[in-house]
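input-v5.cif (mmCIF, C-alpha atoms and all ligand atoms)
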data_work
loop_
_atom_site.label_atom_id
_atom_site.label_comp_id
_atom_site.auth_asym_id
_atom_site.auth_seq_id
_atom_site.Cartn_x
_atom_site.Cartn_y
_atom_site.Cartn_z
CA MET A 1040 -12.21 -9.11 -12.49
CA GLN A 1041 -12.91 -9.84 -8.84
CA ILE A 1042 -16.18 -8.39 -7.62
CA ALA A 1043 -16.84 -7.96 -3.90
CA ILE A 1044 -20.37 -6.89 -2.98
CA VAL A 1045 -20.44 -5.80 0.65
CA ALA A 1046 -23.16 -4.48 2.95
CA ASP A 1047 -22.55 -0.74 2.98
CA ALA A 1048 -20.12 2.13 2.50
CA ALA A 1049 -18.32 1.36 5.77
CA ALA A 1050 -17.67 -2.21 4.62
CA VAL A 1051 -16.37 -0.92 1.25
CA ALA A 1052 -13.86 1.26 3.13
CA GLU A 1053 -12.72 -1.60 5.39
CA TYR A 1054 -12.33 -4.01 2.49
CA ALA A 1055 -10.39 -1.55 0.32
CA ALA A 1056 -8.17 -0.38 3.19
CA GLU A 1057 -7.30 -4.01 3.97
CA ARG A 1058 -6.20 -4.61 0.35
CA ILE A 1059 -4.09 -1.44 0.31
CA ALA A 1060 -2.53 -2.22 3.69
CA GLY A 1061 -1.67 -5.68 2.33
CA VAL A 1062 0.22 -4.15 -0.59
CA ILE A 1063 2.04 -1.68 1.69
CA ARG A 1064 3.12 -4.51 4.00
CA ALA A 1065 4.16 -6.83 1.16
CA ARG A 1066 6.28 -4.12 -0.46
CA ALA A 1067 7.87 -3.15 2.86
CA GLU A 1068 9.05 -6.77 3.20
CA SER A 1069 10.62 -6.60 -0.25
CA ALA A 1070 12.52 -3.43 0.82
CA ALA A 1071 11.03 -1.35 -2.01
CA PRO A 1072 8.22 0.72 -0.46
CA ALA A 1073 4.83 0.68 -2.15
CA VAL A 1074 3.85 3.08 -4.91
CA LEU A 1075 0.14 3.84 -4.61
CA GLY A 1076 -2.14 5.45 -7.16
CA VAL A 1077 -4.67 7.64 -5.37
CA ALA A 1078 -8.00 9.14 -6.43
CA THR A 1079 -9.86 12.21 -5.25
CA GLY A 1080 -13.66 12.56 -5.01
CA SER A 1081 -15.97 11.18 -2.32
CA SER A 1082 -15.69 7.46 -3.06
CA PRO A 1083 -12.25 6.77 -1.50
CA LEU A 1084 -12.62 9.05 1.56
CA GLY A 1085 -13.78 6.26 3.88
CA THR A 1086 -10.86 4.09 2.72
CA TYR A 1087 -8.37 6.87 3.50
CA ALA A 1088 -9.97 7.36 6.92
CA VAL A 1089 -9.58 3.64 7.77
CA LEU A 1090 -5.94 3.67 6.60
CA ALA A 1091 -5.22 6.83 8.62
CA ALA A 1092 -6.72 5.23 11.75
CA ARG A 1093 -4.48 2.19 11.28
CA VAL A 1094 -1.41 4.40 10.92
CA ARG A 1095 -2.35 6.34 14.08
CA ALA A 1096 -2.88 3.08 15.97
CA GLY A 1097 0.60 1.92 14.97
CA GLN A 1098 -0.83 -0.98 12.90
CA LEU A 1099 0.47 0.27 9.55
CA ASP A 1100 3.87 1.71 8.70
CA VAL A 1101 3.88 3.94 5.60
CA THR A 1102 7.57 4.84 5.69
CA GLY A 1103 8.84 5.40 2.17
CA VAL A 1104 5.42 4.91 0.54
CA SER A 1105 4.87 7.17 -2.44
CA ALA A 1106 1.68 8.17 -4.23
CA PHE A 1107 0.57 9.45 -7.61
CA ALA A 1108 -2.78 11.18 -8.06
CA LEU A 1109 -4.88 10.45 -11.12
CA ASP A 1110 -5.80 13.94 -12.19
CA GLU A 1111 -5.93 17.69 -11.63
CA TYR A 1112 -8.00 20.62 -12.84
CA VAL A 1113 -6.47 22.98 -15.37
CA GLY A 1114 -6.54 26.70 -14.61
CA LEU A 1115 -7.23 26.38 -10.88
CA ASP A 1116 -4.68 27.93 -8.53
CA PRO A 1117 -2.84 24.96 -6.92
CA ALA A 1118 -3.50 26.65 -3.55
CA HIS A 1119 -7.30 26.63 -4.17
CA PRO A 1120 -8.90 24.34 -1.56
CA GLU A 1121 -10.53 22.26 -4.32
CA SER A 1122 -7.43 21.83 -6.47
CA TYR A 1123 -6.59 18.13 -6.37
CA ARG A 1124 -3.17 19.08 -5.01
CA SER A 1125 -4.96 20.56 -1.95
CA VAL A 1126 -7.50 17.73 -1.74
CA ILE A 1127 -4.81 15.03 -1.81
CA ARG A 1128 -2.80 16.86 0.86
CA ARG A 1129 -5.90 17.18 3.09
CA THR A 1130 -7.33 13.68 2.60
CA VAL A 1131 -4.25 11.50 1.97
CA THR A 1132 -0.82 13.02 2.63
CA GLU A 1133 -1.54 14.60 6.02
CA PRO A 1134 -3.89 12.03 7.59
CA LEU A 1135 -1.71 9.09 6.55
CA GLY A 1136 1.50 10.93 7.39
CA LEU A 1137 3.07 10.38 3.94
CA ASP A 1138 6.24 12.26 3.05
CA PRO A 1139 4.93 15.21 0.92
CA GLU A 1140 8.01 14.90 -1.29
CA ARG A 1141 6.78 11.45 -2.32
CA VAL A 1142 3.23 12.50 -3.18
CA HIS A 1143 2.72 13.63 -6.76
CA VAL A 1144 -0.20 15.35 -8.47
CA PRO A 1145 -0.27 16.29 -12.18
CA ASP A 1146 0.58 19.95 -12.75
CA GLY A 1147 -2.55 21.63 -14.09
CA ALA A 1148 -0.98 25.08 -13.78
CA ALA A 1149 2.04 24.45 -16.00
CA ALA A 1150 2.66 26.90 -18.85
CA ASP A 1151 3.46 23.92 -21.07
CA LEU A 1152 0.85 21.33 -20.17
CA GLU A 1153 2.00 18.81 -22.75
CA ALA A 1154 5.51 18.81 -21.27
CA ALA A 1155 4.05 18.53 -17.76
CA CYS A 1156 2.02 15.47 -18.83
CA ALA A 1157 5.10 13.81 -20.34
CA ARG A 1158 7.03 14.59 -17.12
CA TYR A 1159 4.31 12.95 -15.03
CA GLU A 1160 4.44 9.78 -17.11
CA ARG A 1161 8.24 9.76 -16.67
CA LEU A 1162 7.96 10.23 -12.89
CA ILE A 1163 5.64 7.21 -12.62
CA ARG A 1164 8.03 5.11 -14.70
CA GLU A 1165 11.05 6.24 -12.65
CA ALA A 1166 9.23 5.26 -9.45
CA GLY A 1167 8.98 1.72 -10.85
CA GLY A 1168 5.29 1.98 -11.79
CA VAL A 1169 2.21 1.93 -9.59
CA ASP A 1170 1.66 -1.13 -7.39
CA LEU A 1171 -2.01 -0.48 -6.66
CA GLN A 1172 -4.23 2.14 -8.25
CA LEU A 1173 -7.31 3.11 -6.23
CA LEU A 1174 -10.19 4.32 -8.42
CA GLY A 1175 -13.67 5.75 -8.16
CA VAL A 1176 -16.09 5.76 -11.09
CA GLY A 1177 -18.08 8.70 -12.42
CA ALA A 1178 -21.83 8.37 -12.96
CA ASN A 1179 -21.00 8.49 -16.69
CA GLY A 1180 -18.48 5.66 -16.38
CA HIS A 1181 -15.30 7.75 -16.33
CA ILE A 1182 -12.21 6.73 -14.39
CA GLY A 1183 -9.65 9.40 -13.65
CA PHE A 1184 -11.03 12.13 -15.85
CA ASN A 1185 -11.14 9.87 -18.90
CA GLU A 1186 -14.55 10.85 -20.13
CA PRO A 1187 -16.67 8.68 -22.47
CA THR A 1188 -14.91 7.87 -25.78
CA SER A 1189 -11.43 8.18 -24.24
CA SER A 1190 -9.00 5.85 -25.95
CA PHE A 1191 -8.01 2.69 -24.08
CA ALA A 1192 -4.45 3.52 -25.20
CA SER A 1193 -4.49 7.10 -23.87
CA ARG A 1194 -1.69 8.52 -21.74
CA THR A 1195 -1.59 11.51 -19.37
CA ARG A 1196 -3.03 14.46 -21.27
CA VAL A 1197 -5.40 17.41 -21.21
CA LYS A 1198 -9.11 16.55 -21.44
CA THR A 1199 -12.37 18.49 -21.49
CA LEU A 1200 -14.66 17.62 -18.60
CA ALA A 1201 -18.10 16.34 -19.60
CA PRO A 1202 -21.00 18.64 -18.61
CA GLN A 1203 -22.28 15.86 -16.30
CA THR A 1204 -18.92 15.66 -14.51
CA ARG A 1205 -18.85 19.45 -14.03
CA ALA A 1206 -22.40 19.30 -12.65
CA ASP A 1207 -21.49 16.35 -10.36
CA ASN A 1208 -18.45 18.20 -9.02
CA ALA A 1209 -20.25 21.54 -8.57
CA ARG A 1210 -20.93 20.45 -4.97
CA PHE A 1211 -17.29 21.21 -4.17
CA PHE A 1212 -17.41 24.77 -5.59
CA ASP A 1213 -19.30 27.96 -4.73
CA ALA A 1214 -21.09 27.96 -8.12
CA PRO A 1215 -21.48 25.45 -10.99
CA ASP A 1216 -19.62 27.79 -13.35
CA SER A 1217 -16.60 27.78 -11.02
CA VAL A 1218 -15.86 24.14 -11.90
CA PRO A 1219 -12.97 24.21 -14.39
CA VAL A 1220 -13.71 23.04 -17.93
CA HIS A 1221 -10.38 21.30 -18.52
CA CYS A 1222 -8.25 18.86 -16.61
CA VAL A 1223 -5.07 16.83 -16.84
CA THR A 1224 -5.61 13.12 -16.30
CA GLN A 1225 -3.65 9.91 -16.44
CA GLY A 1226 -4.82 8.06 -19.55
CA LEU A 1227 -6.57 4.70 -19.57
CA GLY A 1228 -3.36 3.19 -20.95
CA THR A 1229 -1.45 4.70 -18.02
CA ILE A 1230 -3.96 3.40 -15.46
CA LEU A 1231 -3.97 -0.09 -17.00
CA GLU A 1232 -0.21 -0.34 -16.37
CA ALA A 1233 -0.69 -0.30 -12.58
CA ARG A 1234 -0.02 -3.79 -11.23
CA GLN A 1235 -3.36 -3.88 -9.38
CA LEU A 1236 -6.55 -1.88 -9.80
CA LEU A 1237 -8.98 -1.40 -6.92
CA LEU A 1238 -12.22 0.42 -7.71
CA VAL A 1239 -14.62 1.46 -4.97
CA ALA A 1240 -18.21 2.63 -5.52
CA GLN A 1241 -21.10 3.27 -3.20
CA GLY A 1242 -24.73 4.28 -3.68
CA GLU A 1243 -27.54 4.04 -6.19
CA GLY A 1244 -26.13 6.89 -8.29
CA LYS A 1245 -23.27 4.64 -9.41
CA ALA A 1246 -25.39 1.53 -10.10
CA GLU A 1247 -25.72 2.05 -13.86
CA ALA A 1248 -22.03 2.88 -14.38
CA VAL A 1249 -21.04 -0.15 -12.28
CA ALA A 1250 -23.29 -2.45 -14.34
CA GLN A 1251 -21.85 -1.10 -17.61
CA MET A 1252 -18.30 -1.42 -16.29
CA ILE A 1253 -18.71 -5.06 -15.20
CA GLU A 1254 -21.35 -6.50 -17.52
CA GLY A 1255 -21.46 -4.11 -20.45
CA PRO A 1256 -19.35 -4.43 -23.57
CA LEU A 1257 -15.74 -3.31 -23.58
CA ALA A 1258 -16.43 0.11 -25.04
CA SER A 1259 -14.85 3.52 -24.76
CA VAL A 1260 -18.29 5.06 -24.10
CA CYS A 1261 -17.84 3.44 -20.68
CA PRO A 1262 -14.16 4.11 -19.93
CA ALA A 1263 -14.36 2.04 -16.72
CA SER A 1264 -15.02 -1.05 -18.87
CA ALA A 1265 -11.23 -0.90 -19.45
CA LEU A 1266 -10.98 -2.76 -16.13
CA GLN A 1267 -12.11 -5.86 -18.07
CA LEU A 1268 -8.69 -5.77 -19.78
CA HIS A 1269 -6.70 -5.79 -16.54
CA PRO A 1270 -5.40 -9.10 -15.13
CA ASP A 1271 -5.73 -8.00 -11.48
CA ALA A 1272 -8.72 -5.70 -11.04
CA VAL A 1273 -10.88 -5.75 -7.92
CA VAL A 1274 -14.21 -3.91 -7.69
CA VAL A 1275 -15.64 -3.32 -4.21
CA ILE A 1276 -19.21 -2.06 -4.09
CA ASP A 1277 -22.07 -1.76 -1.64
CA GLN A 1278 -25.55 -3.24 -2.21
CA ALA A 1279 -26.91 0.00 -3.70
CA ALA A 1280 -24.10 0.31 -6.26
CA ALA A 1281 -24.62 -3.38 -7.13
CA SER A 1282 -28.37 -2.98 -7.61
CA GLN A 1283 -28.34 -3.01 -11.45
CA LEU A 1284 -26.03 -6.01 -11.86
CA ARG A 1285 -27.68 -9.01 -13.54
CA PHE A 1286 -25.38 -11.61 -12.04
CA SER A 1287 -24.84 -10.42 -8.46
CA ASP A 1288 -25.82 -13.86 -7.09
CA TYR A 1289 -22.98 -15.34 -9.11
CA TYR A 1290 -20.45 -12.75 -7.85
CA GLU A 1291 -21.50 -13.43 -4.27
CA TYR A 1292 -21.19 -17.17 -4.85
CA VAL A 1293 -17.66 -16.75 -6.27
CA GLN A 1294 -16.71 -14.46 -3.38
CA ASP A 1295 -17.87 -17.15 -0.91
CA GLN A 1296 -15.89 -19.87 -2.71
CA LEU A 1297 -12.57 -18.08 -3.21
CA PRO A 1298 -9.72 -20.59 -3.45
CA GLU A 1299 -7.42 -20.72 -0.47
CA GLY A 1300 -4.71 -18.07 -0.56
CA SER A 1301 -6.68 -15.57 -2.61
CA ALA A 1302 -8.08 -12.57 -0.77
C1 LIG B 1 -10.97 11.55 -9.00
C2 LIG B 1 -11.33 10.86 -10.21
C3 LIG B 1 -12.76 10.61 -10.62
C4 LIG B 1 -13.67 10.20 -9.47
C5 LIG B 1 -15.09 10.05 -9.98
C6 LIG B 1 -16.05 9.69 -8.88
O1 LIG B 1 -9.57 11.66 -8.90
O2 LIG B 1 -10.47 10.51 -10.90
O3 LIG B 1 -12.76 9.59 -11.60
O4 LIG B 1 -13.21 9.01 -8.91
O5 LIG B 1 -15.51 11.25 -10.56
O6 LIG B 1 -16.18 10.77 -8.01
P1 LIG B 1 -16.87 10.61 -6.60
O7 LIG B 1 -16.06 9.64 -5.85
O8 LIG B 1 -16.81 11.98 -5.98
O9 LIG B 1 -18.25 10.14 -6.87
#
Take the structure from the file and write it as structure tokens.
Amino acid sequence: MQIAIVADAAAVAEYAAERIAGVIRARAESAAPAVLGVATGSSPLGTYAVLAARVRAGQLDVTGVSAFALDEYVGLDPAHPESYRSVIRRTVTEPLGLDPERVHVPDGAAADLEAACARYERLIREAGGVDLQLLGVGANGHIGFNEPTSSFASRTRVKTLAPQTRADNARFFDAPDSVPVHCVTQGLGTILEARQLLLVAQGEGKAEAVAQMIEGPLASVCPASALQLHPDAVVVIDQAAASQLRFSDYYEYVQDQLPEGSA
């Protein structure tokens, strides 16, 4: 796992956007446009804003790029402003100018959710898999909506949101009870198949989850610890999110001594 501790939230966004832009450019050269995995929530918003600014400035060409979202609420009208379909359109598809036909979100409104989950897995496979999956982490250590005790082998499926996650996400709804109870999420096994993982976290509220993810045991009670299994996982955090790490001096030392050619 590569750990980059940077000064603040703005530096997290710059660092992450640079990695994503690198993948988009590399794939464009290979003539097969990049397949990105995108997250909702607050953590990646700065990264999307930096990418959108680069597209507007003509510094980044996203022609042909496709995207797969991690998750969606179950039982929320897809047109609801807080459905992840709406959030991804507002924060990713429109600002970056992606082709909406190439942006996919799990279908949380399907009559047959199991079939919709299987279809989503198939769509990712047919796209050639995800090149880079951008992730945030929940205060309880979830990634996607894989709540504590999710299997490391799990695939896209219906999950029950933890009470803490519903409380954390209540800020997006008019009342805490309006937060849906169920969701559809890519599984940890699905996420681990992305060729690169890039997790961003900012602020004190994430410090404990970040410490468990990086330095805790590999354990399904901290689903984000699954990143320890991935051969190309990068974690980009600000000083506050790094504040409970025991070995931050070591990570900073490694970051300063990166071998030539590695970013
Ligand atoms: C969102 C997602 C979640 C969030 C996590 C952190 O698609 O999958 O895992 O990344 O809940 O949320 P924020 O960034 O709002 O703190």
Is it possible to get the axis-aligned box enclosing stretch 1282-1286 of chain A (all listed atoms, 3 Å extra per side) as lines of an AutoDock Vina configuration file, with centre and edge lengths in Å rounded to one decimal?
center_x = -26.9
center_y = -7.3
center_z = -10.6
size_x = 9.0
size_y = 14.6
size_z = 11.9
Can you build me a table of chain A residues sitting at most 8 Å from ligand LIG 1 (chain B), with the closest atom pair per residue and its distance in Å to one decimal, using all atoms listed in the file, sorted by chain and residue number, as a Markdown table?
| residue | atom | partner | partner_atom | distance |
| --- | --- | --- | --- | --- |
| A:Val1077 | CA | B:LIG1 | O1 | 7.3 |
| A:Ala1078 | CA | B:LIG1 | O1 | 3.9 |
| A:Thr1079 | CA | B:LIG1 | O1 | 3.7 |
| A:Gly1080 | CA | B:LIG1 | O8 | 3.3 |
| A:Ser1081 | CA | B:LIG1 | O8 | 3.8 |
| A:Ser1082 | CA | B:LIG1 | O7 | 3.6 |
| A:Pro1083 | CA | B:LIG1 | O7 | 6.5 |
| A:Ala1108 | CA | B:LIG1 | O1 | 6.9 |
| A:Leu1109 | CA | B:LIG1 | O1 | 5.3 |
| A:Asp1110 | CA | B:LIG1 | O1 | 5.5 |
| A:Glu1111 | CA | B:LIG1 | O1 | 7.6 |
| A:Tyr1123 | CA | B:LIG1 | O1 | 7.6 |
| A:Leu1174 | CA | B:LIG1 | O4 | 5.6 |
| A:Gly1175 | CA | B:LIG1 | O4 | 3.4 |
| A:Val1176 | CA | B:LIG1 | C6 | 4.5 |
| A:Gly1177 | CA | B:LIG1 | O5 | 4.1 |
| A:Ala1178 | CA | B:LIG1 | C6 | 7.2 |
| A:His1181 | CA | B:LIG1 | O3 | 5.7 |
| A:Ile1182 | CA | B:LIG1 | O3 | 4.0 |
| A:Gly1183 | CA | B:LIG1 | O2 | 3.1 |
| A:Phe1184 | CA | B:LIG1 | O2 | 5.2 |
| A:Asn1185 | CA | B:LIG1 | O3 | 7.5 |
| A:Thr1204 | CA | B:LIG1 | O5 | 6.8 |
| A:Asp1207 | CA | B:LIG1 | O8 | 7.8 |
| A:Asn1208 | CA | B:LIG1 | O8 | 7.1 |
| A:Thr1224 | CA | B:LIG1 | O2 | 7.7 |
| A:Ala1240 | CA | B:LIG1 | O7 | 7.3 |
| A:Lys1245 | CA | B:LIG1 | O9 | 7.9 |
Self-check item: Radius query 9 Å about (-5.9, -3.2, 7.0), atoms used: all atoms listed in the file, as a VMD selection string
Solution: chain A and resid 1053 to 1061 1089 to 1090 1093 1098 to 1099
Quiz item: Using only C-alpha atoms, which of the listed residues (A:Pro1262, A:Pro1298, A:Gly1076, A:Glu1254) sits closest to A:Leu1284?
Solution: A:Glu1254
Quiz item: Separation of atom CA of A:Pro1219 and atom CA of A:Thr1199, in Å?
Solution: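 Going from atom CA of A:Pro1219 over to atom CA of A:Thr1199 covers 9.1 Å.
As for atom CA of A:Ala1050 and atom CA of A:Val1104, they are spaced 24.5 Å apart.
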Self-check item: Selection: 8 Å around A:Ser1105, all atoms listed in the file, excl. self and same-chain fewer than 2 positions, as a list in words
Solution: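 After dropping sequence-adjacent residues, the list is Pro1072, Ala1073, Val1074, Leu1075, Gly1103, Phe1107, Leu1137, Asp1138, Arg1141 and Val1142 of chain A.
The nearest approach to A:Phe1211 among the residues A:Val1126, A:Val1273, A:Val1051, A:Met1040, with only C-alpha atoms taken into account, belongs to A:Val1126.
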Quiz item: So how far away is atom CA of A:Leu1173 from atom CA of A:Leu1266, in Å?
Solution: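 Straight-line distance from atom CA of A:Leu1266 to atom CA of A:Leu1173 works out to 12.1 Å.
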Self-check item: Nearest to A:Asp1170, chosen from A:Ile1042, A:Ala1280, A:Val1239, A:Leu1231, with only C-alpha atoms counted in the distances
Solution: A:Leu1231
Practice problem: Show which residues sit within 12 Å of A:Ser1190, as an NGL selection string. Count all atoms listed in the file, and ignore same-chain residues fewer than 6 positions away. | Solution: :A and (1181 or 1196 or 1198 or 1225-1231 or 1257-1265)
Exercise. Go through A:Glu1165, A:Asp1213, A:Asp1047, A:Glu1160 and flag the residue nearest A:Arg1194, using all atoms listed in the file for the distances.
Key: A:Glu1160
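Shortest separation to A:Thr1132 among A:Ile1253, A:Ala1048, A:Arg1164, A:Val1144 occurs at residue A:Val1144, atoms counted being all atoms listed in the file.
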Exercise. For each of A:Leu1297, A:Ala1279, A:Glu1121, A:Arg1128, take the minimum atom-to-atom distance to A:Glu1140, counting all atoms listed in the file, then give the residue where this is smallest.
Key: A:Arg1128
